[in-house]
file final-v9.pdb (PDB, C-alpha atoms)
ATOM      1  CA  MET W   1      69.719 107.607  74.268  1.00  0.00           C
ATOM      2  CA  SER W   2      68.068 109.533  77.103  1.00  0.00           C
ATOM      3  CA  ASP W   3      69.114 113.122  77.802  1.00  0.00           C
ATOM      4  CA  ASN W   4      70.466 112.078  81.200  1.00  0.00           C
ATOM      5  CA  LEU W   5      72.590 109.280  79.740  1.00  0.00           C
ATOM      6  CA  LYS W   6      73.829 111.603  76.979  1.00  0.00           C
ATOM      7  CA  GLN W   7      74.792 114.220  79.586  1.00  0.00           C
ATOM      8  CA  ASN W   8      76.661 111.579  81.641  1.00  0.00           C
ATOM      9  CA  LEU W   9      78.453 110.343  78.525  1.00  0.00           C
ATOM     10  CA  ASP W  10      79.462 113.865  77.473  1.00  0.00           C
ATOM     11  CA  SER W  11      80.692 114.597  80.991  1.00  0.00           C
ATOM     12  CA  ALA W  12      82.652 111.318  81.162  1.00  0.00           C
ATOM     13  CA  LEU W  13      84.306 111.945  77.782  1.00  0.00           C
ATOM     14  CA  SER W  14      85.129 115.508  78.820  1.00  0.00           C
ATOM     15  CA  ASN W  15      86.755 114.168  81.998  1.00  0.00           C
ATOM     16  CA  ALA W  16      88.667 111.554  79.991  1.00  0.00           C
ATOM     17  CA  THR W  17      90.092 114.389  77.905  1.00  0.00           C
ATOM     18  CA  ARG W  18      90.801 116.558  80.961  1.00  0.00           C
ATOM     19  CA  LEU W  19      92.580 113.685  82.736  1.00  0.00           C
ATOM     20  CA  SER W  20      94.548 112.531  79.696  1.00  0.00           C
ATOM     21  CA  ASN W  21      98.305 112.524  80.215  1.00  0.00           C
ATOM     22  CA  LYS W  22      97.900 113.770  83.785  1.00  0.00           C
ATOM     23  CA  VAL W  23      99.071 112.423  87.117  1.00  0.00           C
ATOM     24  CA  LEU W  24      97.855 113.451  90.553  1.00  0.00           C
ATOM     25  CA  ILE W  25     100.837 114.627  92.581  1.00  0.00           C
ATOM     26  CA  ASP W  26     100.730 116.874  95.623  1.00  0.00           C
ATOM     27  CA  GLY W  27      96.959 117.186  95.269  1.00  0.00           C
ATOM     28  CA  LYS W  28      97.196 118.626  91.763  1.00  0.00           C
ATOM     29  CA  LEU W  29      96.663 117.237  88.283  1.00  0.00           C
ATOM     30  CA  THR W  30      99.900 117.796  86.437  1.00  0.00           C
ATOM     31  CA  SER W  31     101.592 116.559  83.297  1.00  0.00           C
ATOM     32  CA  ALA W  32     103.978 113.672  83.731  1.00  0.00           C
ATOM     33  CA  LYS W  33     107.658 114.270  83.055  1.00  0.00           C
ATOM     34  CA  SER W  34     107.730 111.203  80.812  1.00  0.00           C
ATOM     35  CA  SER W  35     106.640 111.830  77.247  1.00  0.00           C
ATOM     36  CA  LYS W  36     105.596 108.196  76.741  1.00  0.00           C
ATOM     37  CA  LYS W  37     101.847 107.608  76.466  1.00  0.00           C
ATOM     38  CA  ILE W  38      99.474 104.676  76.733  1.00  0.00           C
ATOM     39  CA  LYS W  39      96.273 104.839  74.721  1.00  0.00           C
ATOM     40  CA  VAL W  40      93.113 104.379  76.796  1.00  0.00           C
ATOM     41  CA  ILE W  41      90.708 102.379  74.664  1.00  0.00           C
ATOM     42  CA  ASN W  42      87.023 101.767  75.302  1.00  0.00           C
ATOM     43  CA  PRO W  43      87.014  97.955  74.958  1.00  0.00           C
ATOM     44  CA  SER W  44      83.345  97.858  73.982  1.00  0.00           C
ATOM     45  CA  THR W  45      83.853 100.094  70.924  1.00  0.00           C
ATOM     46  CA  GLY W  46      87.592 100.057  70.284  1.00  0.00           C
ATOM     47  CA  GLU W  47      87.580 103.869  70.326  1.00  0.00           C
ATOM     48  CA  GLN W  48      90.338 105.802  72.057  1.00  0.00           C
ATOM     49  CA  ILE W  49      88.883 107.864  74.906  1.00  0.00           C
ATOM     50  CA  GLY W  50      92.139 109.294  76.228  1.00  0.00           C
ATOM     51  CA  GLU W  51      95.780 108.719  77.003  1.00  0.00           C
ATOM     52  CA  ALA W  52      97.589 107.824  80.186  1.00  0.00           C
ATOM     53  CA  PRO W  53     101.164 108.833  80.834  1.00  0.00           C
ATOM     54  CA  GLN W  54     103.655 105.989  81.020  1.00  0.00           C
ATOM     55  CA  CYS W  55     105.409 107.366  84.055  1.00  0.00           C
ATOM     56  CA  ASP W  56     109.116 106.895  84.526  1.00  0.00           C
ATOM     57  CA  LYS W  57     111.428 106.918  87.546  1.00  0.00           C
ATOM     58  CA  ILE W  58     111.304 110.726  87.858  1.00  0.00           C
ATOM     59  CA  ASP W  59     107.490 110.703  87.982  1.00  0.00           C
ATOM     60  CA  VAL W  60     107.429 107.888  90.525  1.00  0.00           C
ATOM     61  CA  ASP W  61     110.084 109.511  92.711  1.00  0.00           C
ATOM     62  CA  THR W  62     108.170 112.819  92.631  1.00  0.00           C
ATOM     63  CA  ALA W  63     104.921 111.083  93.588  1.00  0.00           C
ATOM     64  CA  VAL W  64     106.543 109.097  96.410  1.00  0.00           C
ATOM     65  CA  SER W  65     108.264 112.197  97.819  1.00  0.00           C
ATOM     66  CA  SER W  66     104.974 114.097  97.714  1.00  0.00           C
ATOM     67  CA  ALA W  67     103.180 111.223  99.438  1.00  0.00           C
ATOM     68  CA  GLU W  68     105.807 111.123 102.186  1.00  0.00           C
ATOM     69  CA  VAL W  69     105.369 114.854 102.851  1.00  0.00           C
ATOM     70  CA  ALA W  70     101.576 114.509 102.792  1.00  0.00           C
ATOM     71  CA  PHE W  71     101.719 111.583 105.229  1.00  0.00           C
ATOM     72  CA  GLN W  72     103.731 113.631 107.733  1.00  0.00           C
ATOM     73  CA  LYS W  73     100.956 116.246 107.676  1.00  0.00           C
ATOM     74  CA  TRP W  74      98.094 113.711 107.590  1.00  0.00           C
ATOM     75  CA  LYS W  75      99.284 111.744 110.623  1.00  0.00           C
ATOM     76  CA  LYS W  76      99.196 114.924 112.747  1.00  0.00           C
ATOM     77  CA  ILE W  77      95.513 115.507 112.002  1.00  0.00           C
ATOM     78  CA  PRO W  78      93.298 114.038 114.744  1.00  0.00           C
ATOM     79  CA  ALA W  79      91.464 110.887 113.681  1.00  0.00           C
ATOM     80  CA  ARG W  80      88.006 112.450 113.980  1.00  0.00           C
ATOM     81  CA  GLU W  81      89.080 115.304 111.695  1.00  0.00           C
ATOM     82  CA  ARG W  82      90.446 112.806 109.177  1.00  0.00           C
ATOM     83  CA  GLY W  83      87.101 111.040 109.330  1.00  0.00           C
ATOM     84  CA  LYS W  84      85.300 114.301 108.571  1.00  0.00           C
ATOM     85  CA  MET W  85      87.605 114.859 105.610  1.00  0.00           C
ATOM     86  CA  MET W  86      86.888 111.385 104.312  1.00  0.00           C
ATOM     87  CA  THR W  87      83.157 111.938 104.730  1.00  0.00           C
ATOM     88  CA  ALA W  88      83.482 115.112 102.656  1.00  0.00           C
ATOM     89  CA  ALA W  89      85.370 113.116 100.013  1.00  0.00           C
ATOM     90  CA  ALA W  90      82.617 110.466  99.968  1.00  0.00           C
ATOM     91  CA  ARG W  91      80.034 113.205  99.454  1.00  0.00           C
ATOM     92  CA  LYS W  92      82.040 114.568  96.507  1.00  0.00           C
ATOM     93  CA  LEU W  93      82.074 111.075  95.016  1.00  0.00           C
ATOM     94  CA  GLU W  94      78.312 110.854  95.502  1.00  0.00           C
ATOM     95  CA  GLU W  95      77.824 114.202  93.757  1.00  0.00           C
ATOM     96  CA  ARG W  96      79.739 112.949  90.723  1.00  0.00           C
ATOM     97  CA  LYS W  97      78.559 109.347  90.897  1.00  0.00           C
ATOM     98  CA  ASN W  98      76.959 109.319  87.432  1.00  0.00           C
ATOM     99  CA  GLU W  99      80.083 110.726  85.786  1.00  0.00           C
ATOM    100  CA  ILE W 100      82.304 108.223  87.589  1.00  0.00           C
ATOM    101  CA  GLU W 101      80.079 105.284  86.664  1.00  0.00           C
ATOM    102  CA  THR W 102      80.010 106.274  83.019  1.00  0.00           C
ATOM    103  CA  LEU W 103      83.761 106.899  82.825  1.00  0.00           C
ATOM    104  CA  LEU W 104      84.408 103.556  84.524  1.00  0.00           C
ATOM    105  CA  ALA W 105      82.177 101.782  81.985  1.00  0.00           C
ATOM    106  CA  LEU W 106      83.959 103.515  79.092  1.00  0.00           C
ATOM    107  CA  ASP W 107      87.396 102.681  80.479  1.00  0.00           C
ATOM    108  CA  THR W 108      86.706  99.034  81.269  1.00  0.00           C
ATOM    109  CA  GLY W 109      83.996  98.110  78.803  1.00  0.00           C
ATOM    110  CA  ASN W 110      81.962  96.810  81.725  1.00  0.00           C
ATOM    111  CA  ALA W 111      78.189  97.049  81.735  1.00  0.00           C
ATOM    112  CA  LEU W 112      76.985 100.275  83.315  1.00  0.00           C
ATOM    113  CA  ARG W 113      74.034  98.875  85.270  1.00  0.00           C
ATOM    114  CA  THR W 114      75.461  95.560  86.436  1.00  0.00           C
ATOM    115  CA  GLN W 115      79.120  96.416  86.987  1.00  0.00           C
ATOM    116  CA  ALA W 116      80.075 100.109  86.902  1.00  0.00           C
ATOM    117  CA  LYS W 117      77.195 101.302  89.087  1.00  0.00           C
ATOM    118  CA  PRO W 118      77.707  98.649  91.811  1.00  0.00           C
ATOM    119  CA  GLU W 119      81.492  99.197  91.807  1.00  0.00           C
ATOM    120  CA  THR W 120      81.058 102.941  92.201  1.00  0.00           C
ATOM    121  CA  ALA W 121      78.451 102.493  94.934  1.00  0.00           C
ATOM    122  CA  ALA W 122      80.781 100.094  96.775  1.00  0.00           C
ATOM    123  CA  SER W 123      83.646 102.602  96.596  1.00  0.00           C
ATOM    124  CA  ILE W 124      81.461 105.337  98.038  1.00  0.00           C
ATOM    125  CA  GLU W 125      80.146 103.020 100.747  1.00  0.00           C
ATOM    126  CA  LEU W 126      83.674 101.943 101.733  1.00  0.00           C
ATOM    127  CA  THR W 127      84.833 105.552 101.901  1.00  0.00           C
ATOM    128  CA  HIS W 128      81.935 106.324 104.260  1.00  0.00           C
ATOM    129  CA  MET W 129      82.736 103.209 106.305  1.00  0.00           C
ATOM    130  CA  PHE W 130      86.409 104.115 106.747  1.00  0.00           C
ATOM    131  CA  ALA W 131      85.434 107.696 107.552  1.00  0.00           C
ATOM    132  CA  GLY W 132      83.271 106.362 110.356  1.00  0.00           C
ATOM    133  CA  LEU W 133      85.992 104.069 111.624  1.00  0.00           C
ATOM    134  CA  ALA W 134      88.377 107.015 112.009  1.00  0.00           C
ATOM    135  CA  GLY W 135      86.521 108.047 115.149  1.00  0.00           C
ATOM    136  CA  GLU W 136      87.105 104.598 116.610  1.00  0.00           C
ATOM    137  CA  ILE W 137      90.903 104.776 116.545  1.00  0.00           C
ATOM    138  CA  LYS W 138      92.347 104.340 120.028  1.00  0.00           C
ATOM    139  CA  GLY W 139      95.841 104.541 121.421  1.00  0.00           C
ATOM    140  CA  GLU W 140      98.778 106.868 121.047  1.00  0.00           C
ATOM    141  CA  ASN W 141     101.392 107.661 118.411  1.00  0.00           C
TER     142      ASN W 141
END

call {"tool": "encode", "arguments": {"input": "final-v9.pdb", "output": "structure tokens"}}
result
Amino acid sequence: MSDNLKQNLDSALSNATRLSNKVLIDGKLTSAKSSKKIKVINPSTGEQIGEAPQCDKIDVDTAVSSAEVAFQKWKKIPARERGKMMTAAARKLEERKNEIETLLALDTGNALRTQAKPETAASIELTHMFAGLAGEIKGEN
């Protein structure tokens, strides 16, 4: 295994551990209220790479409430500014592309070169595309 591939694998496994049993609510990784867990298995090896929380009603309600608050703020940001924010997000994805590709391959068991890399590239490309479209929004609230 090349040093680069080993580094990507180590980084992906570290992220799998860091993300285990976490949910993203209000822009922060936090532990779910539910104590139920779902094992995340690498289908190509059968090894457990992490755990996902099996969220319950409290977790969902918290996430939905947070999203509603965030939307009220987001809709007040001018479209061009939202586009700039999305461009910045796409750049962050590009910076961590190798980690994302490797973690995706571990999570799904998909081939790195023929599936995980193209899927990641498509996600980044779509984020850039929608960022660009933000400046094209016309009309009024």

call {"tool": "resolve_selection", "arguments": {"input": "final-v9.pdb", "expression": "the PyMOL selection byres ((chain W and resi 112-127) around 12)", "output": "ChimeraX atom specification"}}
result
/W:5,8-9,44,82-111,128-134

call {"tool": "closest_residue", "arguments": {"input": "final-v9.pdb", "among": "W:Ser11, W:Ser66, W:Ser34, W:Ser20", "to": "Gly50 of chain W", "atoms": "all atoms listed in the file"}}
result
W:Ser20

call {"tool": "axis_aligned_box", "arguments": {"input": "final-v9.pdb", "around": "segment 9-21 of chain W", "padding_each_side": "6 Å", "output": "JSON"}}
result
{"center_x": 88.4, "center_y": 113.5, "center_z": 80.1, "size_x": 31.9, "size_y": 18.2, "size_z": 17.3}

call {"tool": "resolve_selection", "arguments": {"input": "final-v9.pdb", "expression": "the PyMOL selection byres ((chain W and resi 53-57) around 8)", "output": "mmCIF file with C-alpha atoms, in the coordinates of the input"}}
result
data_model
loop_
_atom_site.group_PDB
_atom_site.id
_atom_site.type_symbol
_atom_site.label_atom_id
_atom_site.label_comp_id
_atom_site.auth_asym_id
_atom_site.auth_seq_id
_atom_site.Cartn_x
_atom_site.Cartn_y
_atom_site.Cartn_z
ATOM 1 C CA SER W 20 94.548 112.531 79.696
ATOM 2 C CA ASN W 21 98.305 112.524 80.215
ATOM 3 C CA LYS W 22 97.900 113.770 83.785
ATOM 4 C CA VAL W 23 99.071 112.423 87.117
ATOM 5 C CA ALA W 32 103.978 113.672 83.731
ATOM 6 C CA LYS W 33 107.658 114.270 83.055
ATOM 7 C CA SER W 34 107.730 111.203 80.812
ATOM 8 C CA SER W 35 106.640 111.830 77.247
ATOM 9 C CA LYS W 36 105.596 108.196 76.741
ATOM 10 C CA LYS W 37 101.847 107.608 76.466
ATOM 11 C CA ILE W 38 99.474 104.676 76.733
ATOM 12 C CA GLU W 51 95.780 108.719 77.003
ATOM 13 C CA ALA W 52 97.589 107.824 80.186
ATOM 14 C CA ILE W 58 111.304 110.726 87.858
ATOM 15 C CA ASP W 59 107.490 110.703 87.982
ATOM 16 C CA VAL W 60 107.429 107.888 90.525
ATOM 17 C CA ASP W 61 110.084 109.511 92.711
#

call {"tool": "closest_residue", "arguments": {"input": "final-v9.pdb", "among": "W:Lys39, W:Lys28, W:Lys75, W:Arg80", "to": "Ala63 of chain W", "atoms": "only C-alpha atoms"}}
result
W:Lys28

call {"tool": "atom_distance", "arguments": {"input": "final-v9.pdb", "atom1": "atom CA of Leu29 of chain W", "atom2": "atom CA of Gln7 of chain W"}}
result
23.7 Å

call {"tool": "closest_residue", "arguments": {"input": "final-v9.pdb", "among": "W:Leu13, W:Ala67, W:Gln48, W:Asn42", "to": "Gly27 of chain W", "atoms": "all atoms listed in the file"}}
result
W:Ala67

call {"tool": "atom_distance", "arguments": {"input": "final-v9.pdb", "atom1": "atom CA of Gly135 of chain W", "atom2": "atom CA of Gln72 of chain W"}}
result
19.6 Å

call {"tool": "atom_distance", "arguments": {"input": "final-v9.pdb", "atom1": "atom CA of Ser31 of chain W", "atom2": "atom CA of Leu19 of chain W"}}
result
9.5 Å

call {"tool": "closest_residue", "arguments": {"input": "final-v9.pdb", "among": "W:Leu24, W:Ile77, W:Ala16, W:Met1", "to": "Ile49 of chain W", "atoms": "all atoms listed in the file"}}
result
W:Ala16
